[in-house]
Amino acid sequence: MSDHKPIVYKNCEDVPAVVMSEASMLWNKTGAWRYIKPKYCDKVPPCNQGCPAGNDVENFVRLAEEKKYKEAWLSIKEENPFPRVCGRVCYYPCETACNRGQFDRAVSINALERFIGDYVSTDTKIERLQNDSGKKVAVVGSGPAGLTTAYHLARLGHGVHVYEADEKPGGVLRYGIPEYRLPKKVLDEEIQDIINLGVTIDCNKKVGETIQWEALLDFDAVFVATGAHKSRNVGIENEEAQGVMPGLGFLKKVAQGKKVHLGPRTVVVGGGNTAIDAARTAMRLGSQVTIHYYRSRNEIPAFKEEVDEAQKEGVHFDMLSEPVRVLVDGDKATGIEMRRTRLGDPDESGRRRPVSVEGSEYSVDATTIIIAIGEDTDLEYLPSEIQEERGRVIVDAFGATSRPGVFAGGDMAIANHNVAYAIGSGKAAAIAIDAYLKGSHVSDIVAQTTIGEYGAMSMSHYIEAGRAHAKNRYTKSVVSYNDINLNYFEEQERSKQTKLELSERHQNFKEVHQGLSEDQIQNDAQRCFHCGVCTMCDTCYIYCPDIAIEHKGDAAWGYDINFDYCKGCGICVHECPRNAMMMEDE
Amino acid sequence: MKKVLMGNHAASWAVKLADVKMIAAYPITPQTQIVEELSEMCGSGELKAKFLKVESEHSAMASCIAASSAGVRAFTATSANGLALMHELLHWASGARLPLVMVNVNRAMAPGWNIWADQSDSLSQRDTGWLQLYVEDNQEVLDTVLQAYYIAEKVNLPVMVCYDAFFLSHTYEAVDIPEKQAVQDWLPPHARENILNTKDPRAFNGLVMPDVYMEMRYKLQQAHEEAVAVVKEAGESFAKAFDRSYSTIETVYCDDAETVLVTSSSTTSPARLVVEALREKGMKIGLMKVRLFRPFPVDDICQVLSGKKKVVVIDRNISFGKGGIFADEIRGAIANDPQAPIIFGYITGLGGRDITPELVEDIVMEAEKNERPERLALWKGLKS
Ligand SMILES: Cc1cc2nc3c(=O)[nH]c(=O)nc-3n(C[C@H](O)[C@H](O)[C@H](O)COP(=O)(O)OP(=O)(O)OC[C@H]3O[C@@H](n4cnc5c(N)ncnc54)[C@H](O)[C@@H]3O)c2cc1C
Ligand code: SF4
Ligand code: SF4
């Protein structure tokens with residue numbers, strides 16, 4: 001500063017009209033004032049934490065917003081081989097977690113996923129990520145869990161052989177969930193992507209029957225995911241009568257295209273997904289349907305939207321009723337005797353326990369009685385050293401069983417019985433198997449691959465093929481609603497899917513949900529806050545009072561902070577609409 | 001193109017035609033419709049400007065100062081208490097020599113809460129260094145906002161355009177809207193030196209020692225003095241381009257008048273009727289409308305009033321403890337003229353009370369009757 005000469009104005013004319021320094025102020029390095037500094041760091045959006053399949057939701061929503069549908073599809077496919085299936089049948093816990101839900105309504109993530117999958121699909125190929133490892137993995141069961149593991153392992157370069165007891169792959173996706181919710185064509189096309197990676201799906205091979213467990217020991221690792229298919233019995237008189245059938249068995253027959261004669265009146269006993277799907281299927285076959293469930297509508301475990309659709313379609317609900325015995329004429333069922341229940345104290349699940357009301361028996365005419373009170377696993381084919389508990393195989397967060405090299409997932413191993421969880425468990429196991437085959441330890445990678453607190457796994461983190469800005473990701477800190485700077489957002493209506501007219505839902509299995517149009521997709525993608533993920537919206541760049549935030553230039557992602565001038569005021573961090581920045585100590 | 005517009009929307013149209021790039025505002029009745037319309041114009045894309053919703057008028061003015069410092073045309077509008085809240089920043093805008101334009105819809109100051117016409121709000125910002133223009137009808141609103149940018153950018157000073165609440169703001173009149181191209185030809189794009197430049201960053205508005213502060217103030221006053229001619233020049237060139245002429249003042253029948261009635265803003269309209277009627281009755285009366293209040297066009301005013309017998313000033317405002325502000329300004333301007341007339345200063349119409357032709361005539365006749373005013377501030381229309 002010693003070379004600064006004082007400025008002397010000689011006369012009035014000399015004095016400037018405006019108060020402005022005569023020379024550049026670049027010498028004044030305001031960065032010297034700083035004791036904390038801003039930093040760009042992507043955090044976990046709650047939707048990402050909420051997706052059990054480990055989709056990078058925020059990322060695919062953003063790519064969709066940019067109309068980069070193929071990239072969006074690839075982003076999903078990196079994590080999940082089934083965007084089109086999930087976009088139709090997932091119960092979208094991502095949307096329940098979506099911060100936008102506390103502002104107006106959640107982003108239509110599920111419908112977006114469907115749109116992206118349907119938009120791109122068949123002609124685009126999924127590539128293998130790694131060359132042939134020479135290792136071979138056996139997968140038992142081709143439901144969503146098994147197929148997901150197969151898919152990821154094939155991409156990671158391993159040879160995969162899938163054994164499937166049924167005639168075709170897909171598990172519940174094929175034989176449980178009806179065509180009007182998940183067209184078989186969609187399922188087949190997504191399975192084809194898996195087969196295209198070189199996965200062998202060996203159908204009509206039931207482990208424990210067609211082939212024995214020992215045969216699997218030739219493989220370098222085994223993943224089992226045989227689901228839960230044994231329909232439970234109620235245990236009442238005449239349950240074996242003609243005209244009484246298990247829910248899953250009924251759905252499977254219909255899915256296989258077999259003729260099922262129901263007669264004019266069908267009674268469905270149960271309140272889970274199988275019960276609702278069976279009822280809606282029976283209704284489509286022309287029978288009048290009543291669902292009997294022993295608690296009230298509040299406790300019904302099936303997905304609420306499905307229950308509402310069933311009711312709209314004309315399925316009757318007789319709540320607080322339990323079966324007593326099947327009424328028969330010879331060996332043919334003619335009806336069912338029911339009894340009223342009332343709600344007692346809550347049980348361990350928090351739902352109120354049904355209590356029988358003695359003397360309230362009444363009978364209901366029926367030509368068909370469908371029992372859909374739940375399905376159990378069948379673990380008999382497993383060797384005894386694999387530990388089980390309450391009908392489930394015991395596994396760790398990555399699906400490892402008590403026997404080294406054997407992993408398990410899906411309904412047979414985890415408590416949450418739904419597709420996204422099955423996919424997530426399949427992916428976790430694929431990561432663990434890959435690590436096992438490479439001789440590395442899962443414990444070393446768990447922090448890096450787990451997104452948030454609920455166990456969602458990220459394949460892109462595992463393979464470190466993340467986006468350029470993924471480096472700065474914080475895999476644990478989840479952005480809450482309060483972290484969003486709401487001043488930047490306005491209320492905007494959520495896009496609504498059209499559904500098949502009620503009058504068109506009889507005598508056919510046409511898909512009910514019809515998805516969103518591209519305009520609707522754009523509307524909803526634009527509603528996303530992008531919680532915790534920088535979108536290069538330029539807010540920090542605009543607000544920095546010291547112009548210390550600079551574009552990287554050449555369209556490169558992100559910003560540079562010029563710490564010669566950043567004085568650590570934190571305005572950028574405060575203003576960031578989505579909490580993608582933070583302050584840290586020098 | 002002619003359109004029937006309320007005064008507020010006439011202002012919005014002018015802002016749009018002037019290609020303003022940044023509008024920051026906080027709503028306040030009776031101004032709100034101006035910026036509401038502008039926000040819609042920005043929303044629809046017909047006006048390509050940044051519309052900033054802010055949390056107070058203080059912030060609105062601060063944002064305009066920032067935008068103007070960055071070299072773009074900026075605009076805001078306010079009224080009464082909103083203007084009062086900007087007070088500190090009004091000094092800042094003029095001291096920094098920024099060519100901002102603001103509309104102030106004249107509204108009474110609270111308490112008691114009153115949203116109606118009264119000039120005390122803008123007149124009490126008299127000494128902030130802003131130019132002030134008071135306009136009479138909706139056409140003049142549009143034309144004056146355009147001229148305000150022309151003037152501001154020539155003298156590097158902020159300009160406030162003032163008009164009466166409801167009498168203009170909410171009243172519909174036919175307004176001739178000039179063609180965009182014609183406006184662009186007449187009002188060239190804004191270009192200025194001494195703006196914020198990230199490539200060559202300077203420090204602005206910093207400490208100024210006593211050895212130069214006074215010179216800078218002197219230059220500000222000089223700019224005001226020069227602005228009188230610029231206002232006239234703007235009016236004349238506007239007339240060439242759009243066939244409507246404006247100046248610092250407007251006179252009617254003043255040449256041979258013995259008594260001159262002085263008004264501003266919408267009060268001028270009933271005064272025109274009264275002067276016309278009294279002339280028909282043979283009275284030697286004229287009318288002077290004061291359009292430019294800051295800088296005060298001293299020479300123009302003295303030229304008209306020197307040698308007259310009586311001057312009757314109607315003020316819809318008051319400087320408490322003294323009287324009507326226009327009257328006082330005129331007294332001050334003409335004090336050293338040996339032929340200074342007797343000046344009657346009337347206060348009326350405060351807080352939106354009507355100033356009817358009957359009331360104006362009453363004022364004129366009372367002044368006519370008395371040789372000298374009884375006191376400095378004469379009140380007309382008080383409940384008896
Ligand atoms: C009717 C119904 C509707 C449902 N609807 C939904 C829904 O809308 N959304 C949702 O998220 N979830 C839904 N679910 C739950 C979801 O389908 C399951 O959680 C999911 O399919 C479990 O996947 P998985 O891979 O573990 O098992 P599964 O899908 O059950 O697949 C297991 C596979 O293993 C095969 N297998 C069994 N034993 C052997 C053996 N010994 N050897 C070889 N192969 C064998 C089976 O044939 C089957 O193909 C529904 C379930 C049912 C029953
Ligand atoms: S799989 Fe389900 S939870 Fe995951 S993003 Fe799709 S809809 Fe949401
Ligand atoms: S607003 Fe977007 S990023 Fe945030 S939770 Fe919802 S979908 Fe995810």
# chains A, B, ... in the order shown; residues from 1 in each chain; ligands from 1
$ select_by_dssp --residues "segment 54-182 of chain B" --states "strand (DSSP E)" --output "ChimeraX atom specification"
/B:74-78,101-106,131-134,159-164,172-176
$ write_last_selection --atoms "N, CA and C atoms" --output "compact mmCIF listing (two decimals), in the first residue's frame"
# COMPACT_ATOMS: atom_id res chain seq x y z
N ALA B 74 -34.23 1.39 -14.47
CA ALA B 74 -34.98 0.77 -13.38
C ALA B 74 -36.19 1.62 -13.05
N PHE B 75 -37.17 1.00 -12.41
CA PHE B 75 -38.41 1.71 -12.09
C PHE B 75 -38.99 1.17 -10.80
N THR B 76 -39.62 2.08 -10.06
CA THR B 76 -40.46 1.65 -8.96
C THR B 76 -41.59 2.66 -8.80
N ALA B 77 -42.56 2.29 -8.01
CA ALA B 77 -43.68 3.19 -7.76
C ALA B 77 -44.09 3.03 -6.31
N THR B 78 -44.59 4.12 -5.74
CA THR B 78 -45.01 4.03 -4.35
C THR B 78 -46.00 5.15 -4.04
N VAL B 101 -36.26 6.35 -12.28
CA VAL B 101 -37.58 6.99 -12.37
C VAL B 101 -38.51 6.29 -11.40
N MET B 102 -39.27 7.09 -10.68
CA MET B 102 -40.25 6.54 -9.74
C MET B 102 -41.55 7.30 -9.92
N VAL B 103 -42.65 6.57 -9.86
CA VAL B 103 -43.95 7.23 -9.79
C VAL B 103 -44.36 7.27 -8.34
N ASN B 104 -44.78 8.46 -7.89
CA ASN B 104 -45.39 8.53 -6.58
C ASN B 104 -46.84 8.97 -6.76
N VAL B 105 -47.74 8.10 -6.39
CA VAL B 105 -49.15 8.49 -6.46
C VAL B 105 -49.46 9.23 -5.16
N ASN B 106 -49.73 10.52 -5.29
CA ASN B 106 -49.87 11.35 -4.09
C ASN B 106 -51.03 10.92 -3.21
N LEU B 131 -35.59 15.14 -8.88
CA LEU B 131 -36.45 15.99 -9.68
C LEU B 131 -37.89 15.56 -9.39
N GLN B 132 -38.81 16.55 -9.40
CA GLN B 132 -40.22 16.21 -9.18
C GLN B 132 -41.08 16.89 -10.22
N LEU B 133 -41.96 16.09 -10.83
CA LEU B 133 -42.92 16.62 -11.80
C LEU B 133 -44.32 16.25 -11.34
N TYR B 134 -45.26 17.20 -11.41
CA TYR B 134 -46.65 16.95 -11.00
C TYR B 134 -47.53 17.04 -12.22
N VAL B 159 -35.74 10.94 -11.07
CA VAL B 159 -36.93 11.76 -11.31
C VAL B 159 -38.15 11.08 -10.70
N MET B 160 -38.93 11.89 -9.98
CA MET B 160 -40.17 11.39 -9.39
C MET B 160 -41.34 12.01 -10.16
N VAL B 161 -42.23 11.16 -10.65
CA VAL B 161 -43.42 11.66 -11.35
C VAL B 161 -44.60 11.49 -10.39
N CYS B 162 -45.28 12.61 -10.09
CA CYS B 162 -46.32 12.57 -9.07
C CYS B 162 -47.70 12.88 -9.66
N TYR B 163 -48.68 12.12 -9.24
CA TYR B 163 -50.05 12.46 -9.63
C TYR B 163 -51.02 12.04 -8.53
N ASP B 164 -52.24 12.61 -8.59
CA ASP B 164 -53.17 12.48 -7.47
C ASP B 164 -53.85 11.12 -7.39
N TYR B 172 -60.44 6.40 -15.36
CA TYR B 172 -60.15 6.01 -16.75
C TYR B 172 -60.29 7.19 -17.70
N GLU B 173 -59.34 7.32 -18.60
CA GLU B 173 -59.40 8.36 -19.62
C GLU B 173 -58.82 7.77 -20.91
N ALA B 174 -59.16 8.39 -22.01
CA ALA B 174 -58.57 7.96 -23.28
C ALA B 174 -57.11 8.40 -23.29
N VAL B 175 -56.23 7.47 -23.61
CA VAL B 175 -54.80 7.78 -23.63
C VAL B 175 -54.23 7.32 -24.97
N ASP B 176 -53.51 8.22 -25.59
CA ASP B 176 -52.86 7.87 -26.87
C ASP B 176 -51.53 7.20 -26.55
$ residues_around --residues "Ile318 of chain B" --least-positions-apart "5" --cutoff "9 Å" --atoms "only C-alpha atoms" --output "ChimeraX atom specification"
/B:119-120,123,323-325,347,350,377
$ interface_residues --of "chain A" --to "chain B" --cutoff "6 Å" --atoms "only C-alpha atoms" --output "VMD selection string"
chain A and resid 12 17 to 21 24 to 25
$ write_last_selection --atoms "N, CA and C atoms" --output "JSON list (two decimals), in the first residue's frame"
[["chain", "number", "residue", "atom", "x", "y", "z"],
["A", 12, "CYS", "N", -12.60, 22.96, -8.41],
["A", 12, "CYS", "CA", -13.97, 22.45, -8.36],
["A", 12, "CYS", "C", -14.25, 21.56, -9.57],
["A", 17, "ALA", "N", -18.28, 14.04, -10.15],
["A", 17, "ALA", "CA", -19.67, 14.16, -9.71],
["A", 17, "ALA", "C", -20.10, 12.94, -8.91],
["A", 18, "VAL", "N", -19.44, 11.82, -9.20],
["A", 18, "VAL", "CA", -19.87, 10.55, -8.59],
["A", 18, "VAL", "C", -18.79, 10.07, -7.63],
["A", 19, "VAL", "N", -19.24, 9.52, -6.51],
["A", 19, "VAL", "CA", -18.28, 9.00, -5.53],
["A", 19, "VAL", "C", -17.85, 7.62, -5.99],
["A", 20, "MET", "N", -16.68, 7.56, -6.61],
["A", 20, "MET", "CA", -16.21, 6.29, -7.16],
["A", 20, "MET", "C", -14.69, 6.28, -7.10],
["A", 21, "SER", "N", -14.13, 5.15, -6.69],
["A", 21, "SER", "CA", -12.67, 5.12, -6.61],
["A", 21, "SER", "C", -12.07, 5.39, -7.99],
["A", 24, "SER", "N", -9.00, 0.62, -9.99],
["A", 24, "SER", "CA", -9.54, -0.71, -9.67],
["A", 24, "SER", "C", -9.32, -1.05, -8.19],
["A", 25, "MET", "N", -10.25, -1.79, -7.63],
["A", 25, "MET", "CA", -10.15, -2.18, -6.21],
["A", 25, "MET", "C", -9.67, -3.62, -6.06]]
$ residues_near_ligand --ligand "ligand 2" --cutoff "10 Å" --atoms "only C-alpha atoms and all ligand atoms" --output "short mmCIF file (atom, residue, chain, number, x, y, z; two decimals) with N, CA and C atoms, in the first residue's frame"
data_model
loop_
_atom_site.label_atom_id
_atom_site.label_comp_id
_atom_site.auth_asym_id
_atom_site.auth_seq_id
_atom_site.Cartn_x
_atom_site.Cartn_y
_atom_site.Cartn_z
N CYS A 47 -36.30 -38.11 -1.48
CA CYS A 47 -36.86 -39.10 -2.41
C CYS A 47 -35.86 -40.23 -2.64
N ASN A 48 -34.59 -39.85 -2.78
CA ASN A 48 -33.56 -40.86 -3.00
C ASN A 48 -33.45 -41.78 -1.79
N GLN A 49 -33.49 -41.16 -0.61
CA GLN A 49 -33.45 -41.99 0.59
C GLN A 49 -34.69 -42.87 0.65
N GLY A 50 -35.81 -42.33 0.15
CA GLY A 50 -37.10 -43.03 0.28
C GLY A 50 -37.29 -44.16 -0.72
N CYS A 51 -36.52 -44.17 -1.80
CA CYS A 51 -36.71 -45.23 -2.81
C CYS A 51 -35.95 -46.48 -2.40
N PRO A 52 -36.65 -47.54 -2.04
CA PRO A 52 -35.97 -48.76 -1.59
C PRO A 52 -35.15 -49.40 -2.70
N ALA A 53 -35.51 -49.08 -3.96
CA ALA A 53 -34.76 -49.66 -5.07
C ALA A 53 -33.46 -48.90 -5.30
N GLY A 54 -33.30 -47.77 -4.59
CA GLY A 54 -32.06 -47.00 -4.72
C GLY A 54 -31.98 -46.18 -5.99
N ASN A 55 -33.12 -45.81 -6.56
CA ASN A 55 -33.09 -44.92 -7.73
C ASN A 55 -32.53 -43.56 -7.33
N ASP A 56 -31.79 -42.95 -8.24
CA ASP A 56 -31.35 -41.57 -8.03
C ASP A 56 -32.49 -40.69 -8.57
N VAL A 57 -33.51 -40.56 -7.74
CA VAL A 57 -34.76 -39.94 -8.20
C VAL A 57 -34.52 -38.51 -8.69
N GLU A 58 -33.88 -37.72 -7.84
CA GLU A 58 -33.67 -36.32 -8.21
C GLU A 58 -32.99 -36.23 -9.56
N PHE A 60 -33.02 -38.40 -12.12
CA PHE A 60 -33.83 -38.72 -13.31
C PHE A 60 -34.92 -37.69 -13.52
N VAL A 61 -35.39 -37.08 -12.43
CA VAL A 61 -36.39 -36.01 -12.59
C VAL A 61 -35.75 -34.84 -13.33
N ILE A 76 -31.91 -44.44 -14.33
CA ILE A 76 -32.70 -45.42 -13.56
C ILE A 76 -32.13 -46.82 -13.75
N GLU A 79 -29.51 -48.22 -11.68
CA GLU A 79 -29.85 -48.70 -10.34
C GLU A 79 -30.87 -49.82 -10.36
N ASN A 80 -31.70 -49.84 -11.37
CA ASN A 80 -32.92 -50.63 -11.28
C ASN A 80 -33.33 -51.08 -12.69
N PHE A 82 -36.01 -52.18 -13.70
CA PHE A 82 -37.46 -52.20 -13.93
C PHE A 82 -38.18 -50.86 -13.83
N PRO A 83 -37.71 -49.82 -14.53
CA PRO A 83 -38.44 -48.55 -14.42
C PRO A 83 -39.90 -48.64 -14.88
N ARG A 84 -40.16 -49.44 -15.89
CA ARG A 84 -41.53 -49.50 -16.41
C ARG A 84 -42.43 -50.30 -15.47
N VAL A 85 -41.85 -51.32 -14.85
CA VAL A 85 -42.62 -52.08 -13.86
C VAL A 85 -42.87 -51.20 -12.64
N CYS A 86 -41.81 -50.59 -12.12
CA CYS A 86 -41.95 -49.76 -10.93
C CYS A 86 -42.87 -48.57 -11.20
N GLY A 87 -42.74 -48.00 -12.39
CA GLY A 87 -43.59 -46.86 -12.75
C GLY A 87 -45.06 -47.23 -12.77
N ARG A 88 -45.36 -48.51 -12.65
CA ARG A 88 -46.76 -48.96 -12.65
C ARG A 88 -47.20 -49.54 -11.32
N VAL A 89 -46.34 -50.33 -10.69
CA VAL A 89 -46.83 -51.06 -9.52
C VAL A 89 -46.18 -50.64 -8.20
N CYS A 90 -45.18 -49.77 -8.27
CA CYS A 90 -44.53 -49.42 -7.01
C CYS A 90 -45.47 -48.56 -6.17
N TYR A 91 -45.37 -48.69 -4.86
CA TYR A 91 -46.21 -47.88 -3.96
C TYR A 91 -45.56 -46.53 -3.67
N TYR A 92 -44.62 -46.18 -4.42
CA TYR A 92 -43.89 -44.91 -4.41
C TYR A 92 -43.64 -44.27 -3.02
N PRO A 93 -42.89 -44.97 -2.19
CA PRO A 93 -42.47 -44.34 -0.93
C PRO A 93 -41.63 -43.08 -1.17
N CYS A 94 -41.03 -42.98 -2.36
CA CYS A 94 -40.29 -41.77 -2.73
C CYS A 94 -41.19 -40.55 -2.66
N GLU A 95 -42.43 -40.69 -3.11
CA GLU A 95 -43.36 -39.54 -3.10
C GLU A 95 -43.82 -39.21 -1.69
N THR A 96 -43.95 -40.22 -0.87
CA THR A 96 -44.29 -39.95 0.53
C THR A 96 -43.18 -39.14 1.18
N ALA A 97 -41.95 -39.41 0.76
CA ALA A 97 -40.81 -38.70 1.35
C ALA A 97 -40.56 -37.34 0.71
N CYS A 98 -41.11 -37.12 -0.46
CA CYS A 98 -40.80 -35.91 -1.25
C CYS A 98 -41.11 -34.63 -0.46
N SER A 108 -44.79 -36.03 -9.05
CA SER A 108 -45.31 -37.32 -9.55
C SER A 108 -44.16 -38.21 -9.99
N ILE A 109 -43.35 -38.62 -9.05
CA ILE A 109 -42.13 -39.36 -9.36
C ILE A 109 -42.46 -40.68 -10.05
N ASN A 110 -43.45 -41.37 -9.49
CA ASN A 110 -43.79 -42.68 -10.02
C ASN A 110 -44.22 -42.60 -11.49
N ALA A 111 -45.08 -41.63 -11.79
CA ALA A 111 -45.55 -41.47 -13.17
C ALA A 111 -44.42 -41.01 -14.09
N LEU A 112 -43.51 -40.23 -13.53
CA LEU A 112 -42.34 -39.81 -14.31
C LEU A 112 -41.49 -41.01 -14.69
N GLU A 113 -41.30 -41.89 -13.71
CA GLU A 113 -40.49 -43.08 -13.95
C GLU A 113 -41.13 -43.92 -15.06
N ARG A 114 -42.44 -44.05 -14.99
CA ARG A 114 -43.15 -44.81 -16.02
C ARG A 114 -42.97 -44.15 -17.39
N ASN A 418 -42.65 -55.83 -1.02
CA ASN A 418 -43.08 -55.13 -2.23
C ASN A 418 -41.94 -55.07 -3.23
N VAL A 419 -42.29 -54.63 -4.41
CA VAL A 419 -41.38 -54.77 -5.55
C VAL A 419 -40.11 -53.94 -5.36
N ALA A 420 -40.27 -52.68 -4.93
CA ALA A 420 -39.09 -51.82 -4.81
C ALA A 420 -38.11 -52.38 -3.78
N TYR A 421 -38.64 -52.94 -2.68
CA TYR A 421 -37.75 -53.54 -1.69
C TYR A 421 -37.06 -54.78 -2.26
N ILE A 423 -36.30 -55.29 -5.34
CA ILE A 423 -35.25 -54.80 -6.25
C ILE A 423 -34.05 -54.31 -5.46
N GLY A 424 -34.33 -53.54 -4.40
CA GLY A 424 -33.25 -53.01 -3.56
C GLY A 424 -32.44 -54.13 -2.95
N ALA A 456 -31.18 -47.78 1.40
CA ALA A 456 -31.14 -47.76 -0.07
C ALA A 456 -29.69 -47.79 -0.53
#
$ select_by_dssp --residues "segment 122-325 of chain A" --states "alpha helix (DSSP H)" --output "ChimeraX atom specification"
/A:144-155,172-175,184-195,247-255,273-284,304-312
$ residues_near_ligand --ligand "ligand 1" --cutoff "7 Å" --atoms "only C-alpha atoms and all ligand atoms" --output "VMD selection string"
chain A and resid 89 to 91 140 to 146 163 to 166 169 to 173 176 to 177 205 to 208 225 to 229 248 273 to 274 277 381 409 to 412 417 to 420 422
$ residues_around --residues "Thr268 of chain B" --least-positions-apart "4" --cutoff "7 Å" --atoms "only C-alpha atoms" --output "list in words"
Glu136, Thr263, Ser264, Arg272 and Lys289 of chain B
$ write_last_selection --atoms "C-alpha atoms" --output "PDB file, in the first residue's frame"
ATOM      1  CA  GLU B 136     -52.660  16.675 -14.508  1.00  0.00           C
ATOM      2  CA  THR B 263     -52.339  25.142  -9.323  1.00  0.00           C
ATOM      3  CA  SER B 264     -50.637  21.808  -9.782  1.00  0.00           C
ATOM      4  CA  ARG B 272     -59.384  25.743 -16.047  1.00  0.00           C
ATOM      5  CA  LYS B 289     -50.013  25.262 -13.709  1.00  0.00           C
TER       6      LYS B 289
END
$ residues_around --residues "segment 555-564 of chain A" --least-positions-apart "3" --cutoff "12 Å" --atoms "only C-alpha atoms" --output "ChimeraX atom specification"
/A:26-42,467-472,533-542,544,546-552,567-569,572,580-581,586
$ atom_distance --atom1 "atom CA of Gly247 of chain A" --atom2 "atom CA of Tyr293 of chain A"
14.0 Å
